[in-house]
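Coordinates as given in start.cif (mmCIF, C-alpha atoms):
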```
data_target
loop_
_atom_site.label_atom_id
_atom_site.label_comp_id
_atom_site.auth_asym_id
_atom_site.auth_seq_id
_atom_site.Cartn_x
_atom_site.Cartn_y
_atom_site.Cartn_z
CA MET A 238 0.00 0.00 0.00
CA ASP A 239 1.52 3.40 -0.95
CA ASN A 240 1.73 6.31 1.50
CA HIS A 241 -1.22 8.09 -0.09
CA SER A 242 -3.52 5.07 0.33
CA PHE A 243 -2.32 4.56 3.91
CA ARG A 244 -3.08 8.14 4.89
CA PHE A 245 -6.50 7.92 3.25
CA SER A 246 -7.35 4.69 5.11
CA ARG A 247 -6.26 6.20 8.45
CA LEU A 248 -8.41 9.24 7.80
CA LEU A 249 -11.42 7.03 7.12
CA LEU A 250 -10.85 5.07 10.34
CA THR A 251 -10.54 8.31 12.33
CA LEU A 252 -13.78 9.68 10.89
CA LEU A 253 -15.54 6.39 11.57
CA GLY A 254 -14.36 6.47 15.20
CA LEU A 255 -15.61 10.01 15.68
CA LEU A 256 -18.98 9.08 14.19
CA MET A 257 -19.33 6.10 16.55
CA LEU A 258 -18.41 8.29 19.53
CA ALA A 259 -21.04 10.88 18.57
CA VAL A 260 -23.70 8.17 18.27
CA ALA A 261 -22.81 6.81 21.71
CA VAL A 262 -23.00 10.26 23.34
CA TRP A 263 -26.34 11.01 21.64
CA GLY A 264 -27.76 7.71 22.84
CA CYS A 265 -27.04 8.67 26.46
CA SER A 266 -28.99 11.90 26.18
CA ASP A 267 -32.58 12.82 25.31
CA GLY A 268 -31.48 14.93 22.37
CA SER A 269 -32.46 18.20 24.06
CA PRO A 270 -30.12 20.99 25.22
CA ASN A 271 -29.01 21.11 28.84
CA VAL A 272 -31.30 23.31 30.93
CA ASP A 273 -30.65 24.11 34.56
CA SER A 274 -33.96 23.24 36.20
CA ASN A 275 -34.97 22.69 39.79
CA GLY A 276 -38.13 20.87 38.73
CA PRO A 277 -41.74 22.01 39.04
CA ALA A 278 -42.65 24.38 41.85
CA GLU A 279 -44.19 22.67 44.83
CA GLY A 280 -47.95 22.33 44.59
CA LEU A 281 -48.18 22.78 40.83
CA SER A 282 -49.89 20.15 38.74
CA GLY A 283 -49.27 21.51 35.26
CA GLU A 284 -48.14 19.81 32.11
CA SER A 285 -44.86 21.55 31.28
CA GLN A 286 -42.36 23.87 32.88
CA GLY A 287 -41.08 26.95 31.08
CA VAL A 288 -37.46 28.11 31.03
CA ASP A 289 -38.53 30.94 33.37
CA GLY A 290 -39.64 28.42 35.99
CA SER A 291 -43.33 28.93 35.24
CA GLN A 292 -45.67 25.98 35.04
CA GLU A 293 -48.48 25.30 32.57
CA VAL A 294 -51.82 24.55 34.25
CA THR A 295 -55.33 23.82 33.04
CA PHE A 296 -58.54 24.24 34.98
CA THR A 297 -62.28 24.20 34.34
CA THR A 298 -64.96 26.85 34.86
CA ALA A 299 -68.28 26.23 36.56
CA ASP A 300 -69.95 25.97 33.14
CA GLY A 301 -67.48 23.39 31.84
CA ILE A 302 -64.98 25.46 29.84
CA GLU A 303 -61.36 24.27 30.08
CA LEU A 304 -58.95 27.17 30.45
CA SER A 305 -55.23 27.25 29.81
CA GLY A 306 -53.05 29.09 32.30
CA ARG A 307 -49.53 29.49 33.58
CA ALA A 308 -48.36 29.78 37.18
CA PHE A 309 -45.27 31.79 38.11
CA GLY A 310 -43.46 31.64 41.43
CA VAL A 311 -44.48 30.03 44.70
CA GLY A 312 -46.00 31.12 47.99
CA ASP A 313 -49.28 31.69 49.77
CA ILE A 314 -49.90 35.23 48.48
CA GLY A 315 -51.47 34.98 45.05
CA LEU A 316 -52.20 37.32 42.15
CA VAL A 317 -54.52 36.54 39.25
CA LEU A 318 -53.74 38.55 36.10
CA ALA A 319 -56.61 38.81 33.58
CA HIS A 320 -55.77 39.88 30.02
CA MET A 321 -57.24 42.57 27.78
CA TYR A 322 -59.07 42.39 24.45
CA PRO A 323 -57.99 41.13 21.94
CA ALA A 324 -54.77 39.82 23.54
CA ASP A 325 -54.14 36.62 25.48
CA GLN A 326 -52.30 35.69 28.67
CA THR A 327 -48.86 36.22 27.09
CA SER A 328 -49.43 39.98 27.39
CA TRP A 329 -49.03 39.53 31.15
CA PHE A 330 -45.93 37.29 31.12
CA PRO A 331 -43.28 40.03 31.68
CA ALA A 332 -45.22 41.46 34.63
CA ALA A 333 -45.91 37.97 35.99
CA GLU A 334 -42.19 37.16 36.03
CA GLU A 335 -41.40 40.42 37.85
CA LEU A 336 -44.14 39.90 40.45
CA ALA A 337 -43.08 36.28 41.01
CA ALA A 338 -39.54 37.53 41.65
CA GLN A 339 -40.99 39.74 44.39
CA GLY A 340 -42.43 36.70 46.14
CA TYR A 341 -45.91 36.35 44.69
CA LEU A 342 -47.56 33.23 43.31
CA VAL A 343 -48.93 34.55 40.02
CA LEU A 344 -51.50 33.00 37.68
CA THR A 345 -52.12 34.16 34.12
CA PHE A 346 -54.70 32.49 31.89
CA ASP A 347 -56.45 32.70 28.53
CA PHE A 348 -60.11 33.68 28.63
CA ARG A 349 -62.52 31.27 26.95
CA GLY A 350 -61.95 31.22 23.20
CA TYR A 351 -58.56 32.93 23.50
CA GLY A 352 -55.09 31.40 23.22
CA GLU A 353 -55.14 27.74 24.20
CA SER A 354 -58.44 27.83 26.12
CA SER A 355 -61.54 26.03 24.87
CA GLY A 356 -64.94 27.56 24.18
CA SER A 357 -65.96 30.58 22.14
CA LYS A 358 -65.13 34.24 22.73
CA ASP A 359 -68.23 34.99 24.80
CA ILE A 360 -67.08 38.14 26.59
CA ALA A 361 -70.31 38.45 28.56
CA LEU A 362 -69.32 35.31 30.47
CA ILE A 363 -65.62 35.88 31.19
CA ASP A 364 -66.24 36.77 34.84
CA ARG A 365 -66.79 33.00 35.25
CA ASP A 366 -63.25 32.50 33.98
CA VAL A 367 -61.86 34.84 36.65
CA GLU A 368 -63.87 32.96 39.29
CA ALA A 369 -62.29 29.69 38.12
CA ALA A 370 -58.82 31.29 38.14
CA VAL A 371 -59.27 32.36 41.77
CA LYS A 372 -60.20 28.81 42.73
CA GLN A 373 -57.20 27.49 40.80
CA ILE A 374 -54.66 29.74 42.47
CA GLU A 375 -56.14 28.84 45.85
CA ALA A 376 -55.71 25.18 44.92
CA LEU A 377 -52.05 25.96 44.18
CA GLY A 378 -51.60 27.24 47.73
CA ALA A 379 -52.64 30.90 47.76
CA GLU A 380 -54.32 31.92 51.00
CA ASN A 381 -54.68 35.59 50.07
CA VAL A 382 -55.53 36.62 46.50
CA GLY A 383 -55.39 39.91 44.63
CA LEU A 384 -56.88 40.52 41.18
CA VAL A 385 -55.29 42.59 38.42
CA GLY A 386 -57.16 43.03 35.16
CA ALA A 387 -56.39 44.86 31.93
CA SER A 388 -59.28 46.39 29.96
CA MET A 389 -62.09 43.79 29.81
CA GLY A 390 -60.09 41.70 32.28
CA GLY A 391 -60.38 44.52 34.79
CA THR A 392 -64.15 44.71 34.31
CA ALA A 393 -64.43 40.97 34.91
CA CYS A 394 -62.22 41.21 38.02
CA LEU A 395 -64.49 43.85 39.54
CA MET A 396 -67.51 41.63 38.93
CA VAL A 397 -65.87 38.75 40.77
CA ALA A 398 -64.59 40.92 43.61
CA ALA A 399 -68.16 42.06 44.32
CA SER A 400 -68.98 38.60 45.72
CA ASP A 401 -65.58 36.93 46.25
CA PRO A 402 -63.56 38.03 49.32
CA VAL A 403 -60.37 38.96 47.47
CA ALA A 404 -57.69 41.11 49.07
CA ALA A 405 -57.54 43.86 46.42
CA VAL A 406 -58.42 44.70 42.81
CA ALA A 407 -56.37 46.76 40.33
CA THR A 408 -57.64 47.64 36.87
CA LEU A 409 -55.78 49.00 33.85
CA SER A 410 -57.99 50.85 31.33
CA ALA A 411 -61.10 48.92 32.39
CA PRO A 412 -64.42 50.01 30.87
CA VAL A 413 -67.62 50.02 32.90
CA GLU A 414 -69.27 47.91 30.20
CA PHE A 415 -67.91 45.95 27.24
CA ARG A 416 -69.82 43.66 24.87
CA GLY A 417 -72.35 42.40 27.40
CA LEU A 418 -69.93 42.47 30.34
CA SER A 419 -70.84 45.11 32.94
CA ALA A 420 -69.34 46.14 36.27
CA ALA A 421 -71.74 49.06 36.76
CA GLU A 422 -73.49 47.46 39.72
CA ALA A 423 -70.63 45.24 40.88
CA VAL A 424 -68.16 48.09 41.44
CA THR A 425 -70.48 49.65 44.02
CA GLN A 426 -70.33 46.42 46.05
CA VAL A 427 -66.58 45.75 46.06
CA GLN A 428 -65.31 46.26 49.60
CA ALA A 429 -61.68 45.38 48.89
CA PRO A 430 -59.16 48.16 48.12
CA LYS A 431 -59.38 49.25 44.49
CA LEU A 432 -57.00 50.93 42.06
CA PHE A 433 -58.22 52.34 38.75
CA MET A 434 -55.45 53.20 36.27
CA ALA A 435 -55.59 54.55 32.72
CA ALA A 436 -53.85 56.87 30.25
CA GLU A 437 -55.29 60.35 29.75
CA ASP A 438 -55.69 60.11 25.95
CA ASP A 439 -57.08 56.58 25.94
CA VAL A 440 -60.75 55.66 26.06
CA GLY A 441 -59.95 53.82 29.31
CA ALA A 442 -59.56 57.15 31.15
CA GLN A 443 -63.30 57.77 31.20
CA GLY A 444 -63.94 54.22 32.34
CA ALA A 445 -61.45 54.63 35.19
CA ARG A 446 -63.07 57.86 36.32
CA ASP A 447 -66.60 56.44 36.12
CA LEU A 448 -65.64 53.31 38.06
CA TYR A 449 -63.80 55.36 40.67
CA ASP A 450 -66.79 57.67 41.13
CA SER A 451 -69.13 54.69 41.64
CA ALA A 452 -66.82 52.76 43.97
CA GLN A 453 -66.79 52.91 47.74
CA ASP A 454 -63.64 53.50 49.75
CA PRO A 455 -60.90 52.36 49.92
CA ARG A 456 -60.24 53.41 46.32
CA GLU A 457 -57.45 55.04 44.33
CA ILE A 458 -57.21 56.43 40.82
CA LEU A 459 -54.19 57.19 38.64
CA ILE A 460 -54.43 58.83 35.21
CA VAL A 461 -51.04 58.99 33.50
CA PRO A 462 -50.01 60.90 30.36
CA GLY A 463 -50.24 59.15 26.99
CA SER A 464 -52.64 56.89 25.13
CA ASP A 465 -51.48 53.39 26.06
CA HIS A 466 -54.17 50.84 26.83
CA GLY A 467 -54.28 47.90 29.24
CA THR A 468 -50.97 46.13 29.83
CA ASP A 469 -49.34 48.54 27.37
CA LEU A 470 -49.55 51.09 30.19
CA LEU A 471 -46.70 49.26 31.87
CA ASP A 472 -44.43 49.52 28.80
CA GLY A 473 -45.33 52.94 27.39
CA ASP A 474 -44.01 56.44 27.97
CA SER A 475 -45.51 56.45 31.49
CA GLY A 476 -44.58 52.83 32.15
CA ASP A 477 -42.31 53.52 35.12
CA GLU A 478 -45.00 55.56 36.89
CA ALA A 479 -47.74 53.03 36.13
CA TRP A 480 -45.62 50.06 37.24
CA ALA A 481 -44.56 51.77 40.46
CA ALA A 482 -48.19 52.62 41.25
CA LEU A 483 -49.36 49.06 40.61
CA VAL A 484 -46.59 47.43 42.64
CA GLY A 485 -47.03 49.93 45.47
CA PHE A 486 -50.77 49.24 45.60
CA LEU A 487 -50.18 45.49 45.71
CA GLN A 488 -47.46 45.74 48.36
CA ARG A 489 -49.77 47.78 50.59
CA ASN A 490 -52.86 45.65 50.16
CA VAL A 491 -51.58 42.16 49.26
CA PRO A 492 -48.21 42.20 50.99
CA VAL A 493 -45.61 39.47 50.77
CA GLU A 494 -43.58 38.79 53.88
CA ARG A 495 -39.86 38.77 53.19
#
```

Written as C-alpha cells, how would this file's structure read?
Amino acid sequence: MDNHSFRFSRLLLTLLGLLMLAVAVWGCSDGSPNVDSNGPAEGLSGESQGVDGSQEVTFTTADGIELSGRAFGVGDIGLVLAHMYPADQTSWFPAAEELAAQGYLVLTFDFRGYGESSGSKDIALIDRDVEAAVKQIEALGAENVGLVGASMGGTACLMVAASDPVAAVATLSAPVEFRGLSAAEAVTQVQAPKLFMAAEDDVGAQGARDLYDSAQDPREILIVPGSDHGTDLLDGDSGDEAWAALVGFLQRNVPVER
C-alpha cells in the first residue's frame, strides 16, 4: 500500500471512530439541550415547565370550559392577572415574572376562546373565567388573592370581587361595560381596596373615572399621560410611573412577607 492510500485509510478510520463516539453520546442523552432546572414548583400540577420556571396549568370553569393558564413563582400570596381584548395571557408574562420575583404566586390564563383555552369568545361570560382562576390559584396554595385586570379583564375582576372576598383589585384601562360584560353594579359592592389606572388620551380614562366615582372606599385612581391601553400602560411612555403605582398598591394591600 503506498503512502497516499495509507493516509487515506487512516483518515477514514478516524472519521468512523468520531462518528461512533457521537452516536454513543447522543444515545445517552434525550437529544435536548441542557437546561438548569430545579423541577416544578411545589404544589403545581401543570403539564410543562417553562425556562422561566413557570408551570403550565389547566382548569375548568363552573360551566365546563377548560382554560389554559400558567403559574409563576411560589408562595401563599397569590395574584390573578386577567388579560385585555384582543390579547391573550402572554401579554401579562413580563409582569408575571417580575411579580413572582418579588415573592408572589402569580396565575395568568387565557379567557374562553382565546389562546389555548376552549370555548368561544363569549365576553359576557368571562367573569366565570376569573372565578375559576381564583379557585385554581387557591388550589395551588394561595391563602390571600389579589386581582389585576387589563381592559375587559379589569371589568371581569371587579364583577368577581363584588362577591368573592379577594384582598384587592387593580384595573388598567377597564371600561364600565364591554360587549355584554358590565361592572356598573358590581363596582359599588366591592369592599376590597381598588386601584383604577388609565392613560389620559385613551378611552380607558373615562372608564377609570366612572368606576372610581361609583366605587366605595378604599379606592385610588391614577391617570397617567399618553394613550397606552391595558398592559401597554406598563411599557409605554408612562410605564415607570404606572408600574410603580401598581406594585405599590399590591405591596400595601396584598403584601408578601420577606

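Taking atom CA of Gly383 of chain A and atom CA of Gln443 of chain A as the two end points, the separation is 23.7 Å.
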
**Message:** Given all atoms listed in the file as the basis, pick out the residue of A:Met389, A:Val397, A:Ala376, A:Ala482 nearest to Pro323 of chain A.
**Reply:** A:Met389

**Close residues, Met434 of chain A itself excluded, 12 Å, all atoms listed in the file, min 5 positions apart in chain, as an MDAnalysis selection string** = chainID A and resid 385:388 391 406:412 439:449 456:462 465:471 475:476 478:483 486

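Take atom CA of Ser419 of chain A and atom CA of Glu353 of chain A: the distance between them is 25.0 Å.
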
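The space between atom CA of Gly312 of chain A and atom CA of Arg495 of chain A spans 11.1 Å.
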
**Request:** Please write the residues picked by the PyMOL selection byres ((chain A and resi 305) around 12) on this file as a VMD selection string.
**Result:** chain A and resid 283 to 285 292 to 298 302 to 304 306 to 308 325 to 327 344 to 356 366 369 to 370 373

**Prompt:** Excluding same-chain residues fewer than 6 positions from Ala405 of chain A, what lies within 7 Å of it counting only C-alpha atoms, as a list in words?
**Reply:** Gly383, Leu384, Ala429, Pro430, Lys431, Asn490 and Val491 of chain A

**Item:** Picked residues, the PyMOL selection byres ((chain A and resi 342) around 12), expected as a ChimeraX atom specification
**Value:** /A:278-281,290-292,307-318,333-341,343-345,371,373-383,491-493
